[in-house]
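So this one's upload21.txt, compact mmCIF, C-alpha atoms:
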# COMPACT_ATOMS: atom_id res chain seq x y z
CA GLY F 1 4.95 8.30 -12.01
CA GLN F 2 1.64 7.59 -10.38
CA GLN F 3 -0.41 5.41 -12.68
CA VAL F 4 -3.37 4.73 -10.41
CA MET F 5 -5.34 7.80 -9.38
CA GLN F 6 -8.15 8.10 -6.89
CA ILE F 7 -10.72 10.80 -6.33
CA PRO F 8 -11.52 12.54 -4.16
CA GLN F 9 -8.33 12.91 -2.15
CA TYR F 10 -10.30 13.84 0.98
CA GLN F 11 -13.95 13.41 1.94
CA HIS F 12 -15.75 14.60 5.05
CA VAL F 13 -19.21 13.17 5.63
CA GLN F 14 -21.78 13.33 8.37
CA GLU F 15 -22.32 10.00 10.07
CA GLY F 16 -25.09 8.17 8.21
CA GLU F 17 -24.28 9.70 4.83
CA ASP F 18 -22.99 7.65 1.94
CA PHE F 19 -19.43 7.77 0.62
CA THR F 20 -17.85 6.82 -2.71
CA THR F 21 -14.25 6.75 -3.88
CA TYR F 22 -13.22 6.23 -7.47
CA CYS F 23 -10.07 4.59 -8.78
CA ASN F 24 -8.71 5.04 -12.30
CA SER F 25 -5.77 3.28 -13.90
CA SER F 26 -3.93 4.41 -17.01
CA THR F 27 -3.68 0.79 -18.13
CA THR F 28 -5.85 -2.31 -17.97
CA LEU F 29 -5.54 -4.25 -14.74
CA SER F 30 -5.76 -8.02 -14.39
CA ASN F 31 -7.38 -7.47 -11.01
CA ILE F 32 -7.99 -4.70 -8.54
CA GLN F 33 -7.77 -4.82 -4.78
CA TRP F 34 -9.00 -2.48 -2.09
CA TYR F 35 -7.29 -1.74 1.21
CA LYS F 36 -8.15 0.30 4.29
CA GLN F 37 -5.60 2.11 6.41
CA ARG F 38 -6.74 3.34 9.80
CA PRO F 39 -5.03 6.48 11.15
CA GLY F 40 -1.57 5.52 12.38
CA GLY F 41 -1.92 1.99 11.02
CA HIS F 42 -0.94 0.00 7.98
CA PRO F 43 -3.06 -0.93 4.96
CA VAL F 44 -5.28 -3.98 5.41
CA PHE F 45 -6.76 -5.94 2.53
CA LEU F 46 -10.51 -5.64 2.03
CA ILE F 47 -11.37 -7.37 -1.24
CA GLN F 48 -10.24 -8.33 -4.72
CA LEU F 49 -12.14 -7.99 -7.99
CA VAL F 50 -11.07 -9.94 -11.05
CA LYS F 51 -13.82 -10.03 -13.65
CA SER F 52 -14.91 -7.20 -15.92
CA GLY F 53 -18.03 -5.53 -14.47
CA GLU F 54 -17.76 -7.49 -11.23
CA VAL F 55 -19.67 -6.23 -8.19
CA LYS F 56 -19.04 -7.47 -4.67
CA LYS F 57 -20.60 -6.51 -1.37
CA GLN F 58 -19.35 -6.64 2.18
CA LYS F 59 -22.11 -5.49 4.52
CA ARG F 60 -22.35 -1.73 3.87
CA LEU F 61 -19.47 -1.71 1.36
CA THR F 62 -20.02 -2.22 -2.37
CA PHE F 63 -17.09 -2.69 -4.72
CA GLN F 64 -17.28 -2.46 -8.49
CA PHE F 65 -14.78 -3.21 -11.28
CA GLY F 66 -15.29 -1.40 -14.56
CA GLU F 67 -16.09 -3.09 -17.83
CA ALA F 68 -12.76 -2.06 -19.32
CA LYS F 69 -10.93 -3.16 -16.15
CA LYS F 70 -9.33 0.29 -15.85
CA ASN F 71 -11.50 1.75 -13.12
CA SER F 72 -13.15 0.74 -9.90
CA SER F 73 -15.25 2.20 -7.13
CA LEU F 74 -15.94 1.64 -3.46
CA HIS F 75 -19.26 2.80 -2.03
CA ILE F 76 -20.09 2.85 1.67
CA THR F 77 -23.73 3.13 2.64
CA ALA F 78 -24.66 4.94 5.85
CA THR F 79 -21.15 5.65 7.09
CA GLN F 80 -20.18 5.01 10.70
CA THR F 81 -17.31 6.44 12.73
CA THR F 82 -15.57 3.08 12.42
CA ASP F 83 -15.26 3.72 8.66
CA VAL F 84 -12.71 6.48 9.27
CA GLY F 85 -9.42 5.93 7.44
CA THR F 86 -7.80 6.04 4.05
CA TYR F 87 -9.03 3.73 1.32
CA PHE F 88 -6.63 2.60 -1.38
CA CYS F 89 -7.14 0.69 -4.56
CA ALA F 90 -4.21 -1.39 -5.79
CA GLY F 91 -3.27 -3.67 -8.60
CA PRO F 92 -0.44 -5.35 -10.46
CA LEU F 93 1.08 -3.39 -13.33
CA GLY F 94 3.71 -5.48 -15.02
CA ASN F 95 5.89 -6.90 -12.27
CA GLN F 96 5.07 -4.07 -9.90
CA PHE F 97 2.22 -3.69 -7.42
CA TYR F 98 0.86 -0.17 -7.46
CA PHE F 99 -1.34 1.58 -4.98
CA GLY F 100 -3.68 4.40 -5.83
CA THR F 101 -3.30 7.85 -4.33
CA GLY F 102 -5.91 7.06 -1.69
CA THR F 103 -9.05 8.75 -0.37
CA SER F 104 -9.04 9.88 3.23
CA LEU F 105 -12.48 9.58 4.83
CA THR F 106 -13.50 11.57 7.88
CA VAL F 107 -16.84 10.79 9.49
CA ILE F 108 -18.37 13.51 11.64
CA PRO F 109 -20.50 12.11 14.48
CA ASP C 110 1.72 -16.88 14.04
CA GLY C 111 2.48 -15.93 10.45
CA GLY C 112 3.10 -12.37 9.46
CA ILE C 113 5.45 -9.63 8.42
CA THR C 114 7.52 -7.73 10.93
CA GLN C 115 9.15 -4.36 10.57
CA SER C 116 11.56 -2.90 13.05
CA PRO C 117 12.00 -0.52 14.64
CA LYS C 118 8.62 1.20 14.82
CA TYR C 119 10.20 4.61 15.32
CA LEU C 120 13.66 5.67 14.22
CA PHE C 121 15.53 8.91 14.63
CA ARG C 122 18.72 9.66 12.74
CA LYS C 123 20.95 12.61 12.15
CA GLU C 124 21.18 14.09 8.71
CA GLY C 125 23.94 12.51 6.64
CA GLN C 126 23.76 9.10 8.30
CA ASN C 127 22.73 5.93 6.54
CA VAL C 128 20.02 3.89 8.27
CA THR C 129 18.70 0.39 7.63
CA LEU C 130 15.07 -0.61 8.14
CA SER C 131 14.33 -4.26 8.79
CA CYS C 132 11.55 -6.30 7.18
CA GLU C 133 11.06 -10.02 7.89
CA GLN C 134 8.23 -12.30 6.78
CA ASN C 135 7.40 -15.92 7.61
CA LEU C 136 4.57 -16.24 5.08
CA ASN C 137 6.82 -17.95 2.53
CA HIS C 138 6.04 -15.20 0.03
CA ASP C 139 8.26 -14.72 -2.98
CA ALA C 140 7.50 -11.06 -3.60
CA MET C 141 8.39 -8.26 -1.22
CA TYR C 142 7.95 -4.52 -1.56
CA TRP C 143 8.99 -1.28 0.08
CA TYR C 144 6.70 1.74 0.00
CA ARG C 145 7.10 5.25 1.26
CA GLN C 146 4.15 7.21 2.63
CA ASP C 147 4.26 10.94 3.36
CA PRO C 148 1.55 12.68 5.45
CA GLY C 149 -1.74 12.71 3.58
CA GLN C 150 -0.15 10.94 0.64
CA GLY C 151 -0.51 7.59 -1.04
CA LEU C 152 2.00 4.75 -1.15
CA ARG C 153 4.93 5.19 -3.49
CA LEU C 154 6.94 2.16 -4.53
CA ILE C 155 10.65 2.30 -3.69
CA TYR C 156 11.95 -1.18 -4.51
CA TYR C 157 10.51 -4.62 -5.06
CA SER C 158 11.81 -8.16 -5.24
CA GLN C 159 10.19 -11.20 -6.77
CA ILE C 160 12.85 -13.72 -5.90
CA VAL C 161 15.93 -14.14 -3.74
CA ASN C 162 19.01 -12.29 -4.99
CA ASP C 163 16.97 -10.19 -7.39
CA PHE C 164 15.28 -6.82 -6.98
CA GLN C 165 14.11 -3.91 -9.14
CA LYS C 166 13.73 -0.19 -8.69
CA GLY C 167 10.31 1.32 -8.21
CA ASP C 168 9.29 4.90 -8.91
CA ILE C 169 11.38 6.57 -6.20
CA ALA C 170 14.48 4.39 -5.75
CA GLU C 171 17.02 7.23 -5.72
CA GLY C 172 18.77 7.47 -2.37
CA TYR C 173 17.69 3.99 -1.28
CA SER C 174 19.23 0.52 -1.52
CA VAL C 175 17.98 -2.98 -0.75
CA SER C 176 19.18 -6.57 -0.59
CA ARG C 177 17.39 -9.91 -0.82
CA GLU C 178 19.84 -12.51 0.40
CA LYS C 179 17.14 -14.60 2.06
CA LYS C 180 13.53 -15.19 1.08
CA GLU C 181 12.35 -14.04 4.50
CA SER C 182 14.24 -10.76 4.62
CA PHE C 183 14.20 -7.56 2.57
CA PRO C 184 16.03 -4.75 4.40
CA LEU C 185 15.93 -1.18 3.12
CA THR C 186 18.83 1.24 3.57
CA VAL C 187 18.06 4.93 3.47
CA THR C 188 21.30 6.57 2.41
CA SER C 189 22.56 10.09 2.94
CA ALA C 190 21.83 10.70 -0.75
CA GLN C 191 18.09 10.66 -0.06
CA LYS C 192 17.16 14.35 0.05
CA ASN C 193 14.07 14.13 2.21
CA PRO C 194 14.09 10.83 4.10
CA THR C 195 11.62 11.67 6.87
CA ALA C 196 8.55 9.53 6.13
CA PHE C 197 6.56 6.43 7.06
CA TYR C 198 8.04 3.30 5.45
CA LEU C 199 5.92 0.25 4.80
CA CYS C 200 7.10 -3.21 3.81
CA ALA C 201 4.74 -5.68 2.16
CA SER C 202 4.82 -9.21 0.84
CA ARG C 203 2.59 -11.31 -1.35
CA GLU C 204 2.64 -14.56 -3.24
CA TYR C 205 3.84 -14.25 -6.78
CA GLY C 206 3.19 -16.35 -9.85
CA ARG C 207 0.04 -17.96 -8.43
CA GLY C 208 -2.54 -15.60 -9.82
CA ASN C 209 -3.85 -12.65 -7.96
CA THR C 210 -3.04 -12.42 -4.28
CA GLU C 211 -3.35 -9.83 -1.57
CA ALA C 212 -0.47 -7.91 -0.03
CA PHE C 213 0.31 -8.22 3.66
CA PHE C 214 1.91 -5.25 5.37
CA GLY C 215 4.16 -4.80 8.33
CA GLN C 216 3.35 -2.23 11.02
CA GLY C 217 5.64 0.31 9.38
CA THR C 218 8.68 2.29 10.47
CA ARG C 219 8.38 6.00 11.07
CA LEU C 220 11.75 7.55 10.23
CA THR C 221 12.62 11.05 11.38
CA VAL C 222 15.84 12.65 10.26
CA VAL C 223 16.98 15.67 12.23
In structure tokens, how does this file's structure come out?
Amino acid sequence: GQQVMQIPQYQHVQEGEDFTTYCNSSTTLSNIQWYKQRPGGHPVFLIQLVKSGEVKKQKRLTFQFGEAKKNSSLHITATQTTDVGTYFCAGPLGNQFYFGTGTSLTVIP
Amino acid sequence: DGGITQSPKYLFRKEGQNVTLSCEQNLNHDAMYWYRQDPGQGLRLIYYSQIVNDFQKGDIAEGYSVSREKKESFPLTVTSAQKNPTAFYLCASREYGRGNTEAFFGQGTRLTVV
């Protein structure tokens, strides 16, 4: 069954508002990765976090890995219409590579 | 130009027919994966392979089969036993055994069974 959950499943924001998606794993992860899938496209790698409590930034995107390495978050500041898509967290669990349930972001101009 | 290629992009099949989806990569990756994505849903793991001639079932392997005869290729067969095969299928590859590496995806195959 699904071992990596994300909330919320859907989020509609007005352009310029902030957005956050949360990822929770039932087990400790050695690392966590984030991907973005544009509508009609395929997932594209954004970033990887490895260390407990790690925080990384990419322009308006801030990624955080929890202290227990079981949860993570992605925060977008001042969303733009180009941020539209579904954001997935992902990580290795045993020999498998699991993706979270995803958060679909809609940005209203 | 390195990458991972899935074909075809769109596929239509009649109910009861088996169909094979192609996935080829020239990234020299050991690990390859097949995921299924339904509208508004996440990615569910069907099968994965870490090495040639070896593969394991994921969470939703029933009704699917795979082979890994070559490192570059990991075809997925959707059999008539799959109850609801209409979906978007994504193939991915990544390095394995060298720490933590990102997954690269193909463009996907949208399968419609009528």
Using all atoms listed in the file, find which residues of chain C lie within 9 Å of chain F and jot them down as an mmCIF file with C-alpha atoms, in the coordinates of the input.
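What ended up in part-v4.cif:
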data_model
loop_
_atom_site.group_PDB
_atom_site.id
_atom_site.type_symbol
_atom_site.label_atom_id
_atom_site.label_comp_id
_atom_site.auth_asym_id
_atom_site.auth_seq_id
_atom_site.Cartn_x
_atom_site.Cartn_y
_atom_site.Cartn_z
ATOM 1 C CA TYR C 142 7.950 -4.520 -1.560
ATOM 2 C CA GLY C 149 -1.740 12.710 3.580
ATOM 3 C CA GLN C 150 -0.150 10.940 0.640
ATOM 4 C CA GLY C 151 -0.510 7.590 -1.040
ATOM 5 C CA LEU C 152 2.000 4.750 -1.150
ATOM 6 C CA ARG C 153 4.930 5.190 -3.490
ATOM 7 C CA LEU C 154 6.940 2.160 -4.530
ATOM 8 C CA TYR C 157 10.510 -4.620 -5.060
ATOM 9 C CA GLN C 159 10.190 -11.200 -6.770
ATOM 10 C CA GLY C 167 10.310 1.320 -8.210
ATOM 11 C CA ASP C 168 9.290 4.900 -8.910
ATOM 12 C CA ILE C 169 11.380 6.570 -6.200
ATOM 13 C CA LEU C 199 5.920 0.250 4.800
ATOM 14 C CA ASN C 209 -3.850 -12.650 -7.960
ATOM 15 C CA THR C 210 -3.040 -12.420 -4.280
ATOM 16 C CA GLU C 211 -3.350 -9.830 -1.570
ATOM 17 C CA ALA C 212 -0.470 -7.910 -0.030
ATOM 18 C CA PHE C 213 0.310 -8.220 3.660
ATOM 19 C CA PHE C 214 1.910 -5.250 5.370
ATOM 20 C CA GLY C 215 4.160 -4.800 8.330
ATOM 21 C CA GLN C 216 3.350 -2.230 11.020
ATOM 22 C CA GLY C 217 5.640 0.310 9.380
#
Contacts of Asp83 of chain F at 12 Å or less, counting only C-alpha atoms, minus same-chain residues fewer than 5 places along, as a list in words?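 Listed by chain and then number, they are Gln11, His12, Val13, Gln14, Glu15, Gly16, Glu17, Asp18, Phe19, Lys36, Gln37, Arg38, Pro39, Arg60, Leu61, His75, Ile76, Thr77, Ala78, Ser104, Leu105, Thr106, Val107, Ile108 and Pro109 of chain F.
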Can you tell me, as a PyMOL selection string, what residues are no more than 10 Å from Asn71 of chain F when counting only C-alpha atoms, ignoring any on the same chain fewer than 2 positions away? chain F and resi 4-6+22-29+32+52-53+64-69+73+89
For the atom pair atom CA of Gln134 of chain C and atom CA of Ser202 of chain C, what is the interatomic distance in Å to one decimal place?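 A separation of 7.5 Å between them.
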Just the number, please: distance in Å from atom CA of Thr195 of chain C to atom CA of Val175 of chain C, one decimal. 17.7 Å
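Atom CA of Tyr198 of chain C sits 10.7 Å away from atom CA of Leu120 of chain C.
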Please determine the residues with any atom at most 12 Å from (24.1, 14.1, 5.3) (coordinates as given in the file, with all atoms listed in the file counting) and report them as an NGL selection string. :C and (122-128 or 172 or 187-194 or 222-223)
Enclose all atoms of segment 175-192 of chain C listed in the file in an axis-aligned box, grow every side by 5 Å, and hand back centre and edge lengths in Å to one decimal, as lines of an AutoDock Vina configuration file.
center_x = 17.5
center_y = -0.4
center_z = 1.9
size_x = 20.2
size_y = 39.5
size_z = 15.4
